[in-house]
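A.B. asks: Got a file for you: query26.csv, CSV, C-alpha atoms.
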```csv
chain,number,residue,atom,x,y,z
A,1,MET,CA,34.5,105.8,131.4
A,2,GLN,CA,32.0,103.0,131.9
A,3,GLU,CA,33.2,101.5,128.6
A,4,LEU,CA,36.8,101.4,129.9
A,5,TYR,CA,35.7,99.6,133.1
A,6,ASN,CA,33.7,97.1,130.9
A,7,LEU,CA,36.7,96.5,128.7
A,8,SER,CA,39.1,95.8,131.6
A,9,LYS,CA,36.6,93.6,133.3
A,10,ASN,CA,35.8,91.8,130.1
A,11,LEU,CA,39.4,91.2,129.3
A,12,LYS,CA,40.0,89.6,132.7
A,13,ASP,CA,36.8,87.5,132.6
A,14,LEU,CA,37.6,86.3,129.1
A,15,ARG,CA,41.2,85.4,130.0
A,16,LYS,CA,40.0,83.4,132.9
A,17,GLN,CA,37.2,81.7,130.9
A,18,PHE,CA,39.8,80.6,128.3
A,19,GLU,CA,42.2,79.7,131.1
A,20,TYR,CA,44.9,81.9,129.7
A,21,THR,CA,47.6,83.6,131.8
A,22,GLN,CA,48.3,87.3,131.4
A,23,ALA,CA,51.7,86.4,130.0
A,24,TYR,CA,50.2,84.1,127.4
A,25,VAL,CA,47.7,86.8,126.2
A,26,ALA,CA,50.5,89.4,126.2
A,27,LYS,CA,52.7,87.2,124.1
A,28,GLN,CA,49.9,86.5,121.6
A,29,ILE,CA,49.3,90.1,120.9
A,30,GLY,CA,53.0,91.1,121.0
A,31,ILE,CA,53.3,93.2,124.2
A,32,THR,CA,54.8,92.9,127.6
A,33,CYS,CA,52.9,91.3,130.5
A,34,GLN,CA,53.1,94.6,132.4
A,35,SER,CA,51.4,96.4,129.4
A,36,TYR,CA,48.7,93.8,129.3
A,37,GLN,CA,48.1,94.0,133.1
A,38,ALA,CA,47.5,97.7,132.7
A,39,TYR,CA,44.7,96.9,130.3
A,40,GLU,CA,43.0,94.6,132.8
A,41,TRP,CA,43.5,97.2,135.6
A,42,GLY,CA,42.0,99.9,133.5
A,43,VAL,CA,45.2,102.0,133.6
A,44,THR,CA,45.6,102.1,129.9
A,45,VAL,CA,43.6,101.1,126.8
A,46,PRO,CA,44.9,98.9,124.0
A,47,THR,CA,46.0,100.5,120.7
A,48,LEU,CA,43.6,99.8,117.9
A,49,GLN,CA,46.0,97.2,116.5
A,50,ASN,CA,46.1,95.4,119.9
A,51,PHE,CA,42.4,95.8,120.4
A,52,ILE,CA,41.8,94.0,117.1
A,53,LYS,CA,44.3,91.2,118.1
A,54,LEU,CA,42.5,90.7,121.4
A,55,ALA,CA,39.1,90.4,119.6
A,56,LYS,CA,40.6,87.8,117.2
A,57,LEU,CA,42.2,85.9,120.1
A,58,TYR,CA,38.8,85.5,121.7
A,59,GLY,CA,36.8,85.2,118.6
A,60,LEU,CA,34.7,88.4,119.3
A,61,SER,CA,33.9,91.6,117.6
A,62,LEU,CA,35.3,94.8,118.9
A,63,ASP,CA,31.9,95.8,120.2
A,64,GLU,CA,31.6,92.7,122.2
A,65,LEU,CA,34.8,93.4,124.0
A,66,VAL,CA,33.4,96.6,125.5
A,67,GLU,CA,29.8,95.6,126.1
```
Since I need it in another form, could you write the structure as structure tokens?
C.D. replies:
Amino acid sequence: MQELYNLSKNLKDLRKQFEYTQAYVAKQIGITCQSYQAYEWGVTVPTLQNFIKLAKLYGLSLDELVE
């Protein structure tokens, strides 16, 4: 479960670092803002497809998103 906490925290930190809104990130990966919020809150995890889109959006590897 620690990895899920890291993922949600990392997604929030990266979004703020890039000065993106939740709505912007959600639009970039093709989901609703509410679905993206659930990722940041640790309620749900991204599908593999969305996980890859998030990594590309931030220029990171999949591993780096959860470390």
A.B. asks: Have a look at CA of Leu57 in chain A and CA of Val43 in chain A and let me know their distance in Å, one decimal.
C.D. replies: 21.2 Å
A.B. asks: Could you name the residues that touch Val45 in chain A at 9 Å or less, counting all atoms listed in the file, but leaving out those on the same chain fewer than 4 positions away, as a PyMOL selection string?
C.D. replies: chain A and resi 4+7-8+38-40+51
A.B. asks: Determine, counting only C-alpha atoms, which protein, DNA and RNA residues have an atom within 7 Å of an atom of range 29-35 of chain A; residues of the same chain fewer than 4 positions away are not included. Present the result as a list of chain:residue names.
C.D. replies: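 Selected residues are A:Gln22, A:Ala23, A:Val25, A:Tyr39, A:Asn50, A:Lys53, A:Leu54.
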A.B. asks: Take the point (38.1, 93.5, 118.0) in the file's coordinates, draw a sphere of radius 12 Å around it, and report as a ChimeraX atom specification every protein, DNA or RNA residue with an atom inside or on it, counting all atoms listed in the file.
C.D. replies: /A:7,11,46-67
A.B. asks: By how many Å are CA of Arg15 in chain A and CA of Tyr36 in chain A apart?
C.D. replies: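 Computing the Euclidean distance for CA of Arg15 in chain A and CA of Tyr36 in chain A yields 11.3 Å.
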A.B. asks: Hey, can you check how far CA of Tyr5 in chain A sits from CA of Gln17 in chain A?
C.D. replies: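 Here the two named atoms are 18.1 Å from each other.
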